[in-house]
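Worksheet: the structure to be examined is printed underneath.
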Amino acid sequence: YWEPQNNDNNVNNGNMGIAVIMPKKMQTYLQVEGHLLAIDTYVSGEPYVYYMGSAWSKGGVATAADWFKIIDEESMKIQNPLQVILK
């Protein structure tokens with residue numbers, strides 16, 4: 001998500017980016033009343049892991065391209081965690 005923030009006051013309030021990274025592939029996505037819903041199964045008592053983050057164009061992430069690059073890089077790190085082998 002990357003959208004301009006409300007500027008009813010005629011001030012440039014910048015753009016806001018929001019993302020959720022789901023490490024495992026979701027079974028289904030639905031769009032309901034402007035919201036994207038991820039549908040998945042859950043085993044009671046098991047951990048359910050996801051990552052959420054946000055950015056603001058006036059807080060260091062200038063463009064949508066920058067934001068989506070950050071999300072892609074973080075997703076790759078999650079999918080390919082650093083492994084250290086001591087010998």
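Every chain in the structure tokens takes a letter, A first, then B, and so on in the order presented; its residues are numbered from 1, and the ligands are numbered from 1 following the presented order.
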
Open item on the list: Applying 8 Å and only C-alpha atoms, which residues near A:Ala19 remain after dropping the ones on its own chain fewer than 4 positions away? List them as an MDAnalysis selection string.
Closed with: chainID A and resid 1 52:54 71

Open item on the list: I'd like the neighbourhood of stretch 2-15 of chain A as a ChimeraX atom specification, where a residue qualifies if any of its atoms comes within 6 Å (using only C-alpha atoms), though same-chain residues fewer than 5 positions away should be ignored.
Closed with: /A:56-58

Open item on the list: Between atom CA of A:Val61 and atom CA of A:His35, what is the distance in Å, rounded to a tenth?
Closed with: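 If I compute the distance from atom CA of A:Val61 to atom CA of A:His35, I get 23.6 Å.
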
Open item on the list: If you run DSSP on the backbone here, which positions in chain A get alpha helix (DSSP H)? Please write them as a ChimeraX atom specification.
Closed with: /A:64-79

Write the residues of the preceding selection, restricted to all heavy atoms, as a compact mmCIF listing (two decimals), in the first residue's frame.
# COMPACT_ATOMS: atom_id res chain seq x y z
N ALA A 64 7.18 5.44 -3.72
CA ALA A 64 6.57 4.11 -3.72
C ALA A 64 7.60 3.07 -4.15
O ALA A 64 7.67 1.98 -3.58
CB ALA A 64 5.36 4.08 -4.64
N ALA A 65 8.43 3.40 -5.14
CA ALA A 65 9.46 2.46 -5.60
C ALA A 65 10.43 2.11 -4.47
O ALA A 65 10.81 0.95 -4.30
CB ALA A 65 10.22 3.04 -6.79
N ASP A 66 10.81 3.11 -3.67
CA ASP A 66 11.68 2.86 -2.52
C ASP A 66 11.01 1.92 -1.52
O ASP A 66 11.62 1.00 -1.00
CB ASP A 66 12.03 4.16 -1.80
CG ASP A 66 12.88 5.10 -2.63
OD1 ASP A 66 13.54 4.65 -3.59
OD2 ASP A 66 12.87 6.32 -2.31
N TRP A 67 9.73 2.18 -1.25
CA TRP A 67 8.98 1.37 -0.29
C TRP A 67 8.86 -0.09 -0.75
O TRP A 67 9.14 -1.02 -0.01
CB TRP A 67 7.60 1.98 -0.05
CG TRP A 67 6.72 1.19 0.87
CD1 TRP A 67 5.45 0.76 0.60
CD2 TRP A 67 7.01 0.75 2.20
NE1 TRP A 67 4.95 0.08 1.68
CE2 TRP A 67 5.89 0.06 2.67
CE3 TRP A 67 8.11 0.86 3.03
CZ2 TRP A 67 5.83 -0.51 3.94
CZ3 TRP A 67 8.06 0.30 4.30
CH2 TRP A 67 6.93 -0.38 4.74
N PHE A 68 8.49 -0.29 -2.02
CA PHE A 68 8.33 -1.65 -2.51
C PHE A 68 9.67 -2.38 -2.59
O PHE A 68 9.72 -3.60 -2.39
CB PHE A 68 7.57 -1.66 -3.83
CG PHE A 68 6.13 -1.23 -3.66
CD1 PHE A 68 5.65 -0.12 -4.32
CD2 PHE A 68 5.27 -1.91 -2.82
CE1 PHE A 68 4.33 0.30 -4.15
CE2 PHE A 68 3.96 -1.51 -2.64
CZ PHE A 68 3.49 -0.41 -3.31
N LYS A 69 10.75 -1.64 -2.82
CA LYS A 69 12.08 -2.26 -2.81
C LYS A 69 12.41 -2.74 -1.39
O LYS A 69 12.94 -3.84 -1.21
CB LYS A 69 13.13 -1.27 -3.30
CG LYS A 69 14.53 -1.84 -3.32
CD LYS A 69 15.56 -0.85 -3.82
CE LYS A 69 16.92 -1.50 -3.77
NZ LYS A 69 18.00 -0.53 -3.90
N ILE A 70 12.12 -1.93 -0.39
CA ILE A 70 12.35 -2.32 1.01
C ILE A 70 11.56 -3.58 1.33
O ILE A 70 12.09 -4.53 1.94
CB ILE A 70 11.96 -1.18 1.97
CG1 ILE A 70 12.96 -0.03 1.85
CG2 ILE A 70 11.87 -1.68 3.42
CD1 ILE A 70 12.52 1.26 2.52
N ILE A 71 10.29 -3.63 0.93
CA ILE A 71 9.44 -4.80 1.20
C ILE A 71 10.02 -6.03 0.51
O ILE A 71 10.09 -7.11 1.10
CB ILE A 71 7.99 -4.54 0.75
CG1 ILE A 71 7.39 -3.38 1.54
CG2 ILE A 71 7.14 -5.80 0.90
CD1 ILE A 71 7.49 -3.50 3.03
N ASP A 72 10.42 -5.90 -0.74
CA ASP A 72 11.01 -7.04 -1.46
C ASP A 72 12.27 -7.54 -0.78
O ASP A 72 12.47 -8.76 -0.63
CB ASP A 72 11.34 -6.66 -2.91
CG ASP A 72 10.10 -6.50 -3.77
OD1 ASP A 72 9.01 -7.00 -3.38
OD2 ASP A 72 10.21 -5.88 -4.85
N GLU A 73 13.12 -6.63 -0.34
CA GLU A 73 14.36 -7.02 0.33
C GLU A 73 14.08 -7.72 1.66
O GLU A 73 14.71 -8.74 1.98
CB GLU A 73 15.26 -5.80 0.55
CG GLU A 73 15.86 -5.27 -0.74
CD GLU A 73 16.58 -3.94 -0.58
OE1 GLU A 73 16.53 -3.34 0.52
OE2 GLU A 73 17.19 -3.49 -1.57
N GLU A 74 13.15 -7.19 2.44
CA GLU A 74 12.81 -7.82 3.72
C GLU A 74 12.19 -9.20 3.51
O GLU A 74 12.48 -10.14 4.25
CB GLU A 74 11.87 -6.92 4.54
CG GLU A 74 12.53 -5.68 5.06
CD GLU A 74 13.75 -5.96 5.93
OE1 GLU A 74 13.69 -6.82 6.83
OE2 GLU A 74 14.79 -5.30 5.70
N SER A 75 11.36 -9.32 2.51
CA SER A 75 10.74 -10.61 2.20
C SER A 75 11.82 -11.65 1.84
O SER A 75 11.75 -12.80 2.29
CB SER A 75 9.75 -10.45 1.05
OG SER A 75 9.13 -11.68 0.77
N MET A 76 12.80 -11.24 1.05
CA MET A 76 13.90 -12.15 0.69
C MET A 76 14.70 -12.57 1.92
O MET A 76 15.09 -13.73 2.06
CB MET A 76 14.83 -11.49 -0.34
CG MET A 76 14.22 -11.36 -1.71
SD MET A 76 13.80 -12.95 -2.46
CE MET A 76 15.41 -13.66 -2.66
N LYS A 77 14.93 -11.65 2.86
CA LYS A 77 15.65 -11.97 4.09
C LYS A 77 14.87 -12.99 4.92
O LYS A 77 15.45 -13.91 5.51
CB LYS A 77 15.89 -10.72 4.93
CG LYS A 77 16.89 -9.77 4.33
CD LYS A 77 16.97 -8.50 5.17
CE LYS A 77 17.79 -7.43 4.53
NZ LYS A 77 17.79 -6.18 5.32
N ILE A 78 13.56 -12.83 4.99
CA ILE A 78 12.72 -13.75 5.76
C ILE A 78 12.72 -15.13 5.11
O ILE A 78 12.81 -16.15 5.80
CB ILE A 78 11.29 -13.18 5.88
CG1 ILE A 78 11.31 -11.94 6.76
CG2 ILE A 78 10.32 -14.23 6.42
CD1 ILE A 78 10.05 -11.10 6.68
N GLN A 79 12.64 -15.16 3.79
CA GLN A 79 12.61 -16.44 3.08
C GLN A 79 13.97 -17.13 3.06
O GLN A 79 14.05 -18.35 2.90
CB GLN A 79 12.15 -16.22 1.64
CG GLN A 79 10.71 -15.80 1.52
CD GLN A 79 10.35 -15.43 0.10
OE1 GLN A 79 10.87 -15.98 -0.86
NE2 GLN A 79 9.44 -14.48 -0.04

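Near stretch 39-51 of chain A, within a cut-off of 10 Å and counting only C-alpha atoms, sit the residues Ala19, Val20, Ile21, Met22, Pro23, Lys24, Lys25, Met26, Gln27, Thr28, Tyr29, Leu30, Glu74, Ser75 and Ile78 of chain A, with same-chain residues fewer than 5 positions away left out.
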
TODO: Kindly give the distance, in Å, that separates atom CA of A:Ile18 and atom CA of A:Gly34, rounded to a single decimal.
DONE: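 Computing it gives 14.6 Å between the two atoms.
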